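> Just one file: input.txt, with compact mmCIF, C-alpha atoms and all ligand atoms.
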# COMPACT_ATOMS: atom_id res chain seq x y z
CA MET A 1 14.62 62.82 -171.37
CA THR A 2 13.21 65.32 -173.86
CA ASP A 3 11.23 68.31 -172.73
CA VAL A 4 8.08 67.65 -174.73
CA LEU A 5 6.46 70.95 -173.82
CA ASN A 6 9.31 73.10 -175.08
CA ASP A 7 10.63 71.00 -177.98
CA ARG A 8 8.07 72.23 -180.46
CA THR A 9 9.25 71.81 -184.02
CA THR A 10 6.12 71.66 -186.17
CA ALA A 11 2.92 73.65 -186.69
CA LEU A 12 1.07 70.64 -185.26
CA ASP A 13 3.14 70.86 -182.04
CA ASP A 14 2.20 74.53 -181.80
CA ALA A 15 -1.50 73.78 -182.35
CA ARG A 16 -1.43 71.10 -179.65
CA PHE A 17 0.37 73.40 -177.25
CA ALA A 18 -2.20 76.16 -177.93
CA PHE A 19 -5.14 73.79 -177.27
CA ARG A 20 -3.45 72.66 -174.04
CA GLU A 21 -3.03 76.29 -172.96
CA GLU A 22 -6.70 76.95 -173.72
CA LEU A 23 -7.77 73.97 -171.58
CA LEU A 24 -5.55 75.08 -168.71
CA SER A 25 -6.52 78.74 -168.83
CA SER A 26 -10.25 77.91 -168.99
CA GLY A 27 -9.76 75.66 -165.95
CA GLN A 28 -11.13 72.56 -167.72
CA LEU A 29 -7.82 70.79 -167.06
CA ILE A 30 -5.41 71.47 -164.24
CA GLY A 31 -1.77 71.08 -165.21
CA THR A 32 0.95 69.35 -163.19
CA SER A 33 4.73 69.26 -163.61
CA VAL A 34 4.40 66.08 -165.72
CA PRO A 35 3.04 66.25 -169.28
CA GLY A 36 -0.01 64.04 -169.62
CA ILE A 37 -0.97 64.12 -165.92
CA TYR A 38 -3.87 66.48 -165.29
CA GLY A 39 -6.60 67.32 -162.82
CA ARG A 40 -10.13 67.60 -164.25
CA SER A 41 -12.64 70.36 -163.48
CA GLY A 42 -16.19 69.86 -162.19
CA SER A 43 -17.57 70.86 -165.57
CA PHE A 44 -15.29 68.33 -167.31
CA GLU A 45 -16.50 65.61 -164.93
CA GLN A 46 -20.15 66.49 -165.60
CA VAL A 47 -19.57 65.73 -169.26
CA ILE A 48 -17.78 62.48 -168.36
CA ALA A 49 -20.78 61.48 -166.22
CA GLY A 50 -23.23 62.35 -169.03
CA LEU A 51 -21.20 60.37 -171.52
CA ASP A 52 -20.99 57.40 -169.15
CA ARG A 53 -24.77 57.39 -168.79
CA VAL A 54 -25.40 57.65 -172.56
CA LEU A 55 -22.94 54.84 -173.24
CA GLY A 56 -24.70 52.64 -170.68
CA GLU A 57 -28.06 53.35 -172.35
CA THR A 58 -26.73 52.81 -175.87
CA PHE A 59 -25.25 49.41 -175.03
CA SER A 60 -28.06 48.37 -172.64
CA SER A 61 -29.55 45.80 -175.03
CA LEU A 62 -26.39 43.71 -174.60
CA GLY A 63 -27.34 42.95 -171.01
CA ALA A 64 -23.63 43.14 -170.19
CA THR A 65 -22.29 42.08 -166.80
CA VAL A 66 -20.98 45.21 -165.09
CA LEU A 67 -17.51 44.81 -163.57
CA ARG A 68 -15.08 47.37 -162.20
CA PHE A 69 -11.40 46.76 -161.49
CA PRO A 70 -8.86 49.09 -159.81
CA PRO A 71 -6.19 50.79 -161.97
CA VAL A 72 -3.56 48.19 -161.02
CA TYR A 73 -3.60 44.43 -161.59
CA PRO A 74 -1.41 41.42 -160.83
CA ARG A 75 1.96 41.35 -162.50
CA ALA A 76 1.58 37.57 -162.89
CA ASP A 77 -1.44 38.23 -165.16
CA PHE A 78 0.43 40.97 -167.04
CA GLU A 79 3.18 38.42 -167.68
CA ARG A 80 0.74 35.99 -169.28
CA THR A 81 0.17 38.61 -172.02
CA ASP A 82 2.90 39.85 -174.35
CA TYR A 83 2.44 43.49 -173.33
CA ILE A 84 6.02 43.98 -172.11
CA ALA A 85 7.30 42.58 -175.42
CA SER A 86 4.99 44.69 -177.59
CA PHE A 87 4.77 47.92 -175.59
CA PRO A 88 7.74 48.15 -173.16
CA ASP A 89 7.80 51.92 -173.57
CA LEU A 90 4.16 52.33 -172.48
CA SER A 91 4.33 49.96 -169.49
CA GLY A 92 4.31 50.95 -165.83
CA VAL A 93 5.38 48.67 -162.98
CA VAL A 94 4.69 49.68 -159.39
CA SER A 95 7.74 49.70 -157.11
CA SER A 96 7.93 49.91 -153.35
CA PHE A 97 10.35 49.52 -150.49
CA GLU A 98 10.71 45.94 -149.32
CA ARG A 99 14.15 45.93 -147.67
CA GLY A 100 15.37 46.47 -144.11
CA ASP A 101 16.43 49.24 -141.74
CA ARG A 102 19.97 49.46 -143.10
CA GLU A 103 18.76 49.97 -146.66
CA HIS A 104 16.22 52.49 -145.43
CA ARG A 105 19.03 54.52 -143.85
CA GLU A 106 20.95 54.33 -147.14
CA LEU A 107 17.90 55.52 -149.03
CA LEU A 108 17.47 58.46 -146.63
CA ALA A 109 21.15 59.37 -146.92
CA ALA A 110 20.95 59.37 -150.71
CA ARG A 111 17.80 61.49 -150.58
CA GLU A 112 19.50 63.89 -148.17
CA GLU A 113 22.34 64.27 -150.70
CA GLY A 114 19.83 65.00 -153.43
CA GLU A 115 20.74 61.70 -155.12
CA PRO A 116 18.33 59.22 -156.71
CA TRP A 117 16.79 56.94 -154.05
CA ASP A 118 14.63 54.76 -156.27
CA GLY A 119 17.42 52.17 -156.57
CA TRP A 120 16.31 50.97 -153.11
CA LEU A 121 12.82 50.19 -154.40
CA ASP A 122 11.84 46.85 -155.93
CA PRO A 123 9.04 45.96 -158.33
CA THR A 124 5.93 44.82 -156.44
CA ASP A 125 3.49 42.20 -157.66
CA VAL A 126 1.21 44.79 -159.32
CA VAL A 127 1.48 46.73 -162.58
CA LEU A 128 -0.51 49.73 -163.80
CA THR A 129 -3.39 48.54 -165.98
CA PRO A 130 -2.65 49.53 -169.60
CA ALA A 131 -6.02 48.54 -171.12
CA ILE A 132 -8.97 47.94 -168.85
CA CYS A 133 -10.00 44.70 -170.55
CA HIS A 134 -6.78 42.95 -169.47
CA PRO A 135 -7.83 42.43 -165.81
CA LEU A 136 -11.13 41.00 -167.07
CA TYR A 137 -9.52 38.40 -169.36
CA ALA A 138 -7.37 37.28 -166.44
CA THR A 139 -10.54 36.28 -164.54
CA LEU A 140 -12.22 34.29 -167.35
CA GLU A 141 -10.10 31.14 -167.49
CA GLY A 142 -12.19 28.07 -168.39
CA ARG A 143 -15.38 27.55 -170.40
CA LEU A 144 -17.76 30.33 -171.37
CA PRO A 145 -21.54 29.83 -171.41
CA GLU A 146 -23.33 29.01 -174.69
CA GLY A 147 -23.55 32.24 -176.72
CA GLY A 148 -20.50 33.75 -175.01
CA ALA A 149 -20.45 36.60 -172.50
CA VAL A 150 -20.48 40.41 -172.57
CA TYR A 151 -18.92 42.74 -169.99
CA ASP A 152 -19.25 46.44 -169.26
CA LEU A 153 -15.95 47.83 -167.92
CA SER A 154 -14.78 51.27 -166.87
CA GLY A 155 -11.64 52.54 -165.23
CA PHE A 156 -8.30 54.28 -165.46
CA GLY A 157 -5.56 53.01 -167.75
CA PHE A 158 -1.91 54.05 -167.64
CA ARG A 159 0.32 54.47 -170.67
CA HIS A 160 3.74 56.01 -170.38
CA GLU A 161 3.52 58.42 -173.30
CA PRO A 162 4.31 61.98 -172.12
CA SER A 163 3.15 64.40 -174.78
CA ILE A 164 2.49 68.01 -175.54
CA ASP A 165 -0.88 66.95 -176.92
CA PRO A 166 -3.56 67.22 -174.22
CA LEU A 167 -5.37 64.36 -175.97
CA ARG A 168 -2.47 62.06 -175.16
CA MET A 169 -2.57 61.59 -171.41
CA GLN A 170 -0.60 59.15 -169.29
CA SER A 171 -3.55 58.29 -167.06
CA PHE A 172 -7.06 58.33 -168.52
CA ARG A 173 -10.40 56.57 -168.36
CA MET A 174 -11.83 54.06 -170.77
CA ARG A 175 -15.29 52.57 -170.96
CA GLU A 176 -15.27 49.21 -172.71
CA PHE A 177 -17.87 46.73 -173.81
CA VAL A 178 -16.16 43.39 -174.26
CA PHE A 179 -17.50 40.25 -175.92
CA VAL A 180 -15.96 36.78 -175.61
CA GLY A 181 -17.35 33.83 -177.54
CA THR A 182 -17.05 32.13 -180.91
CA PRO A 183 -14.89 33.70 -183.64
CA ASP A 184 -17.91 34.52 -185.86
CA ALA A 185 -19.89 36.06 -183.03
CA ALA A 186 -16.87 38.17 -181.98
CA GLN A 187 -16.46 39.53 -185.51
CA LEU A 188 -20.18 40.30 -185.79
CA TYR A 189 -20.14 41.99 -182.37
CA ARG A 190 -17.24 44.25 -183.36
CA ASP A 191 -18.82 45.30 -186.65
CA THR A 192 -22.32 45.89 -185.25
CA TRP A 193 -21.27 47.92 -182.25
CA LEU A 194 -18.74 49.90 -184.25
CA ASP A 195 -21.61 51.25 -186.35
CA THR A 196 -23.72 52.04 -183.30
CA SER A 197 -20.80 53.85 -181.67
CA VAL A 198 -20.10 55.96 -184.75
CA ALA A 199 -23.76 57.03 -184.82
CA LEU A 200 -23.77 57.90 -181.11
CA LEU A 201 -20.62 60.04 -181.33
CA ALA A 202 -21.90 61.75 -184.50
CA SER A 203 -25.12 62.65 -182.63
CA LEU A 204 -22.93 64.68 -180.23
CA GLY A 205 -21.91 66.92 -183.14
CA LEU A 206 -18.48 65.31 -183.62
CA ALA A 207 -17.16 64.98 -187.20
CA VAL A 208 -16.37 61.29 -186.75
CA ASP A 209 -14.85 58.89 -189.24
CA ALA A 210 -14.11 55.16 -188.87
CA VAL A 211 -10.62 54.26 -190.08
CA PRO A 212 -8.48 51.10 -190.08
CA ALA A 213 -5.77 51.44 -187.43
CA ASN A 214 -2.98 49.64 -185.61
CA ASP A 215 -1.52 49.60 -182.13
CA PRO A 216 1.92 51.24 -181.59
CA PHE A 217 3.91 47.98 -181.33
CA PHE A 218 7.50 48.63 -180.30
CA GLY A 219 10.61 48.10 -182.40
CA ARG A 220 11.44 46.15 -185.53
CA ALA A 221 9.48 43.01 -184.54
CA GLY A 222 6.48 45.28 -183.95
CA LYS A 223 6.36 46.24 -187.65
CA MET A 224 5.16 42.73 -188.53
CA LEU A 225 2.39 42.92 -185.95
CA VAL A 226 1.31 46.31 -187.31
CA SER A 227 1.02 45.00 -190.86
CA ALA A 228 -0.93 41.90 -189.76
CA GLN A 229 -3.33 44.08 -187.76
CA LEU A 230 -3.94 46.33 -190.77
CA ARG A 231 -4.16 43.50 -193.31
CA GLU A 232 -6.74 41.63 -191.26
CA ASN A 233 -8.65 44.80 -190.30
CA LEU A 234 -8.49 43.93 -186.61
CA LYS A 235 -8.61 47.48 -185.28
CA VAL A 236 -10.90 50.30 -186.37
CA GLU A 237 -10.63 53.72 -184.77
CA ILE A 238 -13.33 56.33 -184.55
CA THR A 239 -11.45 59.55 -185.21
CA VAL A 240 -12.26 63.26 -185.12
CA PRO A 241 -10.16 65.90 -186.91
CA LEU A 242 -9.19 68.30 -184.12
CA TYR A 243 -6.21 70.11 -185.63
CA ALA A 244 -7.69 71.01 -189.03
CA ASP A 245 -5.46 69.90 -191.90
CA LEU A 246 -2.39 69.60 -189.66
CA HIS A 247 -3.47 66.11 -188.55
CA GLU A 248 -5.72 63.43 -190.01
CA GLY A 249 -7.71 62.91 -186.83
CA THR A 250 -7.50 61.78 -183.22
CA ALA A 251 -8.98 58.45 -182.08
CA ILE A 252 -11.69 58.89 -179.46
CA ALA A 253 -12.76 55.24 -179.53
CA SER A 254 -11.72 51.96 -181.05
CA ALA A 255 -13.44 48.74 -182.02
CA ASN A 256 -11.10 45.79 -181.87
CA CYS A 257 -11.04 42.13 -182.83
CA GLN A 258 -8.59 40.58 -180.42
CA ARG A 259 -9.00 37.18 -182.09
CA ASP A 260 -7.46 34.64 -179.66
CA HIS A 261 -4.76 37.06 -178.52
CA LEU A 262 -5.85 37.32 -174.87
CA THR A 263 -8.22 34.36 -174.75
CA ALA A 264 -5.40 31.92 -175.61
CA ALA A 265 -3.08 33.56 -173.05
CA PHE A 266 -5.70 33.07 -170.33
CA ASP A 267 -7.02 29.74 -171.58
CA ILE A 268 -10.61 30.87 -172.22
CA GLN A 269 -12.83 28.50 -174.21
CA THR A 270 -16.22 28.60 -175.88
CA ALA A 271 -18.99 26.31 -174.64
CA ASP A 272 -17.79 23.79 -177.27
CA GLY A 273 -14.26 23.79 -175.90
CA GLU A 274 -12.64 25.76 -178.75
CA THR A 275 -10.36 28.69 -177.94
CA ALA A 276 -12.68 31.69 -177.63
CA HIS A 277 -12.20 34.97 -179.48
CA GLY A 278 -12.50 38.41 -177.89
CA ALA A 279 -13.74 41.73 -179.29
CA CYS A 280 -14.09 45.10 -177.62
CA VAL A 281 -15.42 48.56 -178.23
CA ALA A 282 -13.39 51.00 -176.14
CA PHE A 283 -14.21 54.66 -175.57
CA GLY A 284 -11.54 57.13 -174.49
CA MET A 285 -13.55 59.17 -171.96
CA GLU A 286 -11.21 62.16 -171.64
CA ARG A 287 -10.52 62.16 -175.37
CA THR A 288 -14.23 62.31 -176.14
CA VAL A 289 -14.77 65.21 -173.72
CA LEU A 290 -11.75 67.02 -175.17
CA ALA A 291 -13.09 66.51 -178.69
CA LEU A 292 -16.41 68.00 -177.54
CA LEU A 293 -14.64 70.99 -175.95
CA ARG A 294 -12.60 71.52 -179.11
CA THR A 295 -15.71 71.27 -181.30
CA HIS A 296 -18.28 73.18 -179.22
CA GLY A 297 -16.10 75.50 -177.14
CA MET A 298 -14.64 75.65 -173.64
CA ASP A 299 -17.91 76.73 -172.00
CA THR A 300 -20.20 73.71 -171.79
CA GLU A 301 -23.16 75.97 -170.98
CA SER A 302 -23.03 77.37 -174.49
CA TRP A 303 -22.88 73.98 -176.24
CA PRO A 304 -25.71 73.21 -178.69
CA VAL A 305 -28.99 72.47 -176.91
CA ALA A 306 -29.32 69.03 -178.55
CA VAL A 307 -25.84 67.98 -177.38
CA ARG A 308 -26.50 69.22 -173.84
CA ALA A 309 -29.79 67.33 -173.83
CA ILE A 310 -28.19 64.01 -174.83
CA LEU A 311 -25.53 64.42 -172.14
CA GLY A 312 -28.09 65.54 -169.54
CA LEU A 313 -26.19 68.80 -168.88
P1 LIG A 401 -6.94 46.60 -177.15
O1 LIG A 401 -8.09 46.05 -176.36
O2 LIG A 401 -6.89 46.20 -178.57
O3 LIG A 401 -5.62 46.50 -176.43
P2 LIG A 401 -7.74 49.06 -176.11
O4 LIG A 401 -8.99 48.49 -175.57
O5 LIG A 401 -6.64 49.37 -175.18
O6 LIG A 401 -7.21 48.15 -177.27
P3 LIG A 401 -7.09 51.47 -177.47
O7 LIG A 401 -7.52 51.70 -178.87
O8 LIG A 401 -5.65 51.21 -177.25
O9 LIG A 401 -8.05 50.35 -176.95
O10 LIG A 401 -7.54 52.66 -176.54
C1 LIG A 401 -8.93 52.94 -176.41
C2 LIG A 401 -9.18 54.41 -176.46
O11 LIG A 401 -8.52 55.02 -175.35
C3 LIG A 401 -8.60 55.13 -177.67
O12 LIG A 401 -9.47 55.08 -178.77
C4 LIG A 401 -8.47 56.55 -177.14
O13 LIG A 401 -9.69 57.23 -177.24
C5 LIG A 401 -8.16 56.33 -175.68
N1 LIG A 401 -6.72 56.55 -175.46
C6 LIG A 401 -5.70 55.75 -175.87
N2 LIG A 401 -4.52 56.28 -175.51
C7 LIG A 401 -4.80 57.44 -174.88
C8 LIG A 401 -4.00 58.45 -174.24
N3 LIG A 401 -2.67 58.37 -174.19
N4 LIG A 401 -4.64 59.50 -173.67
C9 LIG A 401 -5.98 59.60 -173.69
N5 LIG A 401 -6.78 58.68 -174.26
C10 LIG A 401 -6.21 57.61 -174.84
ZN ZN A 402 -9.95 46.33 -175.03
The structure in this file should be written as structure tokens.

Amino acid sequence: MTDVLNDRTTALDDARFAFREELLSSGQLIGTSVPGIYGRSGSFEQVIAGLDRVLGETFSSLGATVLRFPPVYPRADFERTDYIASFPDLSGVVSSFERGDREHRELLAAREEGEPWDGWLDPTDVVLTPAICHPLYATLEGRLPEGGAVYDLSGFGFRHEPSIDPLRMQSFRMREFVFVGTPDAAQLYRDTWLDTSVALLASLGLAVDAVPANDPFFGRAGKMLVSAQLRENLKVEITVPLYADLHEGTAIASANCQRDHLTAAFDIQTADGETAHGACVAFGMERTVLALLRTHGMDTESWPVAVRAILGL
């Protein structure tokens, strides 16, 4: 395993490390022994709460059904998607002890010797939720109402991607507004709400841009999926340049056309019985707060009055 914090080889690594240090020394984030796992300060959480409220107001005309799921979901549902094929390196499966007394004694003996004991654990029937819309899709099997349906989701996602960059966490919150319905309506939804989201984030003083993007599909087979995603303009990211000219910009939100990717897996149909299409606008909550801290400074009390007003700070 590489030591991501100390293996710094580029000026960008140094810039990321310096921003991380600034966040830790100001107390906005609290470091742990694992890169990408942080505590959040009260001031950080106030901004999260303000952002959550503004997002709710901005998307209120959708009349979305509010649903909240825990940060784990059934492995059987995970297996209906192709996540483990596309992103094995990001996945997280929950393990626990399910054996008997003898094995427990063996585990304790290994632990006593300072040896690995996790060989005595077995995968449970839950996995860590990688994208918070996945648990939703798993509940929608069957026919949708006429005109489709819209959902307001929020929660923690897990992605195993330890990094020096404080913007790349392993456990972070997303707020998502998800539409399921006809293919045309899904495309229109994505495009309309992308524009609204860009305007909202720009109003917070962020130098946002909307750029075509792709998901980090794993391996050689993944390259094909990347080029299809780009060719068909299925994913657009809202990015902010946070490391000057060292990096083209970090995604703080994305607007995605899932097509029938998840709806086919979970057998979700439009009112007419066709396979439905899904679209989502997903906001990275920590990323957005970090972009605000990078842009306006570590002390939220000295942020521009207009930004503080929008966030209700
Ligand atoms: P899809 O529905 O297509 O699977 P998604 O809903 O998971 O996509 P992503 O674009 O993968 O959407 O992630 C949504 C947002 O979450 C990103 O724009 C980013 O702001 C945030 N995000 C993603 N990865 C991380 C991470 N490692 N640390 C912090 N925030 C992240
Ligand atoms: Zn999504």
> Which residue out of A:Thr250, A:Gly278, A:Ala265, A:Asp122 has the minimum interatomic distance to Gly181 of chain A when all atoms listed in the file are used?
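Residue with the minimum atom-to-atom distance to Gly181 of chain A: A:Gly278.
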> Work out how far atom CA of Leu121 of chain A is from atom CA of Gly100 of chain A, in Å to one decimal.
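Computing it gives 11.2 Å between the two atoms.
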> Taking all atoms listed in the file into account, report as a list in words which residues have an atom no farther than 7 Å from an atom of ligand ZN 402 (chain A).
Ala131, Ile132, Cys133, Glu176, Val178, Asn256, Cys280, Val281 and Ala282 of chain A
> Of the candidates A:Glu106, A:Glu161, A:Asp260, A:Glu57, which one gets nearest to ligand LIG 401 (chain A) if we count all atoms listed in the file?
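Of all the options, A:Glu161 lies closest to ligand LIG 401 (chain A).
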> Restricting the calculation to only C-alpha atoms and all ligand atoms, which member of A:Thr124, A:Gln269, A:Thr81, A:Thr139 is positioned closest to ligand LIG 401 (chain A)?
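Going through A:Thr124, A:Gln269, A:Thr81, A:Thr139 one by one, the smallest distance to ligand LIG 401 (chain A) is for A:Thr81.
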> One decimal, Å: what's the distance from atom CA of Pro166 of chain A over to atom CA of Leu225 of chain A, could you say?
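That distance, rounded to one decimal, is 27.6 Å.
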> Which chain A residues have any atom within 6 Å of an atom of ligand LIG 401 (chain A), and for each, what is the nearest pair of atoms with distance in Å to one decimal, counting only C-alpha atoms and all ligand atoms, rows sorted by chain and number, as a Markdown table?

| residue | atom | partner | partner_atom | distance |
| --- | --- | --- | --- | --- |
| A:Ala131 | CA | A:LIG401 | O5 | 4.2 |
| A:Leu167 | CA | A:LIG401 | C9 | 5.3 |
| A:Arg168 | CA | A:LIG401 | N4 | 3.7 |
| A:Met169 | CA | A:LIG401 | N4 | 3.7 |
| A:Gln170 | CA | A:LIG401 | N3 | 5.4 |
| A:Phe172 | CA | A:LIG401 | C9 | 5.4 |
| A:Met174 | CA | A:LIG401 | O11 | 5.7 |
| A:Ala251 | CA | A:LIG401 | O12 | 4.7 |
| A:Ile252 | CA | A:LIG401 | O13 | 3.4 |
| A:Ala253 | CA | A:LIG401 | O12 | 3.4 |
| A:Ser254 | CA | A:LIG401 | O12 | 4.5 |
| A:Asn256 | CA | A:LIG401 | O2 | 5.4 |
| A:Ala282 | CA | A:LIG401 | C1 | 4.9 |
| A:Phe283 | CA | A:LIG401 | C2 | 5.1 |
| A:Gly284 | CA | A:LIG401 | O13 | 3.3 |
| A:Arg287 | CA | A:LIG401 | N5 | 5.2 |
> A:Gly27, A:Ala255, A:Ala64, A:Ser86: which is nearest Lys223 of chain A, counting only C-alpha atoms?
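Among A:Gly27, A:Ala255, A:Ala64, A:Ser86, it is A:Ser86 that comes nearest to Lys223 of chain A.
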> Quote the spacing between atom CA of Arg220 of chain A and atom CA of Pro88 of chain A in Å to one decimal place.
13.1 Å
> Which residues come within 7 Å of Val240 of chain A, counting all atoms listed in the file, excluding same-chain residues fewer than 3 positions away, as a list in words?
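Non-adjacent residues within range: Leu206, Ala207, Val208, Asp209, Gly249, Thr250 and Ala251 of chain A.
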> Output C-alpha atoms for every residue in that selection, as an mmCIF file, in the coordinates of the input.

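Output below, filename out_12.cif:
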data_model
loop_
_atom_site.group_PDB
_atom_site.id
_atom_site.type_symbol
_atom_site.label_atom_id
_atom_site.label_comp_id
_atom_site.auth_asym_id
_atom_site.auth_seq_id
_atom_site.Cartn_x
_atom_site.Cartn_y
_atom_site.Cartn_z
ATOM 1 C CA LEU A 206 -18.480 65.310 -183.620
ATOM 2 C CA ALA A 207 -17.160 64.980 -187.200
ATOM 3 C CA VAL A 208 -16.370 61.290 -186.750
ATOM 4 C CA ASP A 209 -14.850 58.890 -189.240
ATOM 5 C CA GLY A 249 -7.710 62.910 -186.830
ATOM 6 C CA THR A 250 -7.500 61.780 -183.220
ATOM 7 C CA ALA A 251 -8.980 58.450 -182.080
#
> Nearest residue to Gly50 of chain A out of A:Thr295, A:Pro35, A:Asp77, A:Met285, using all atoms listed in the file?
A:Met285
> Could you tell me which of A:Met298, A:Ile164, A:Ile84, A:Val226 comes closest to Thr9 of chain A if we count all atoms listed in the file?
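Under the stated criterion, the closest residue is A:Ile164.
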> As number ranges by chain, please: the residues near Glu146 of chain A (cut-off 10 Å, only C-alpha atoms, same-chain neighbours under 6 positions excluded).
A: 181-182, 270-272
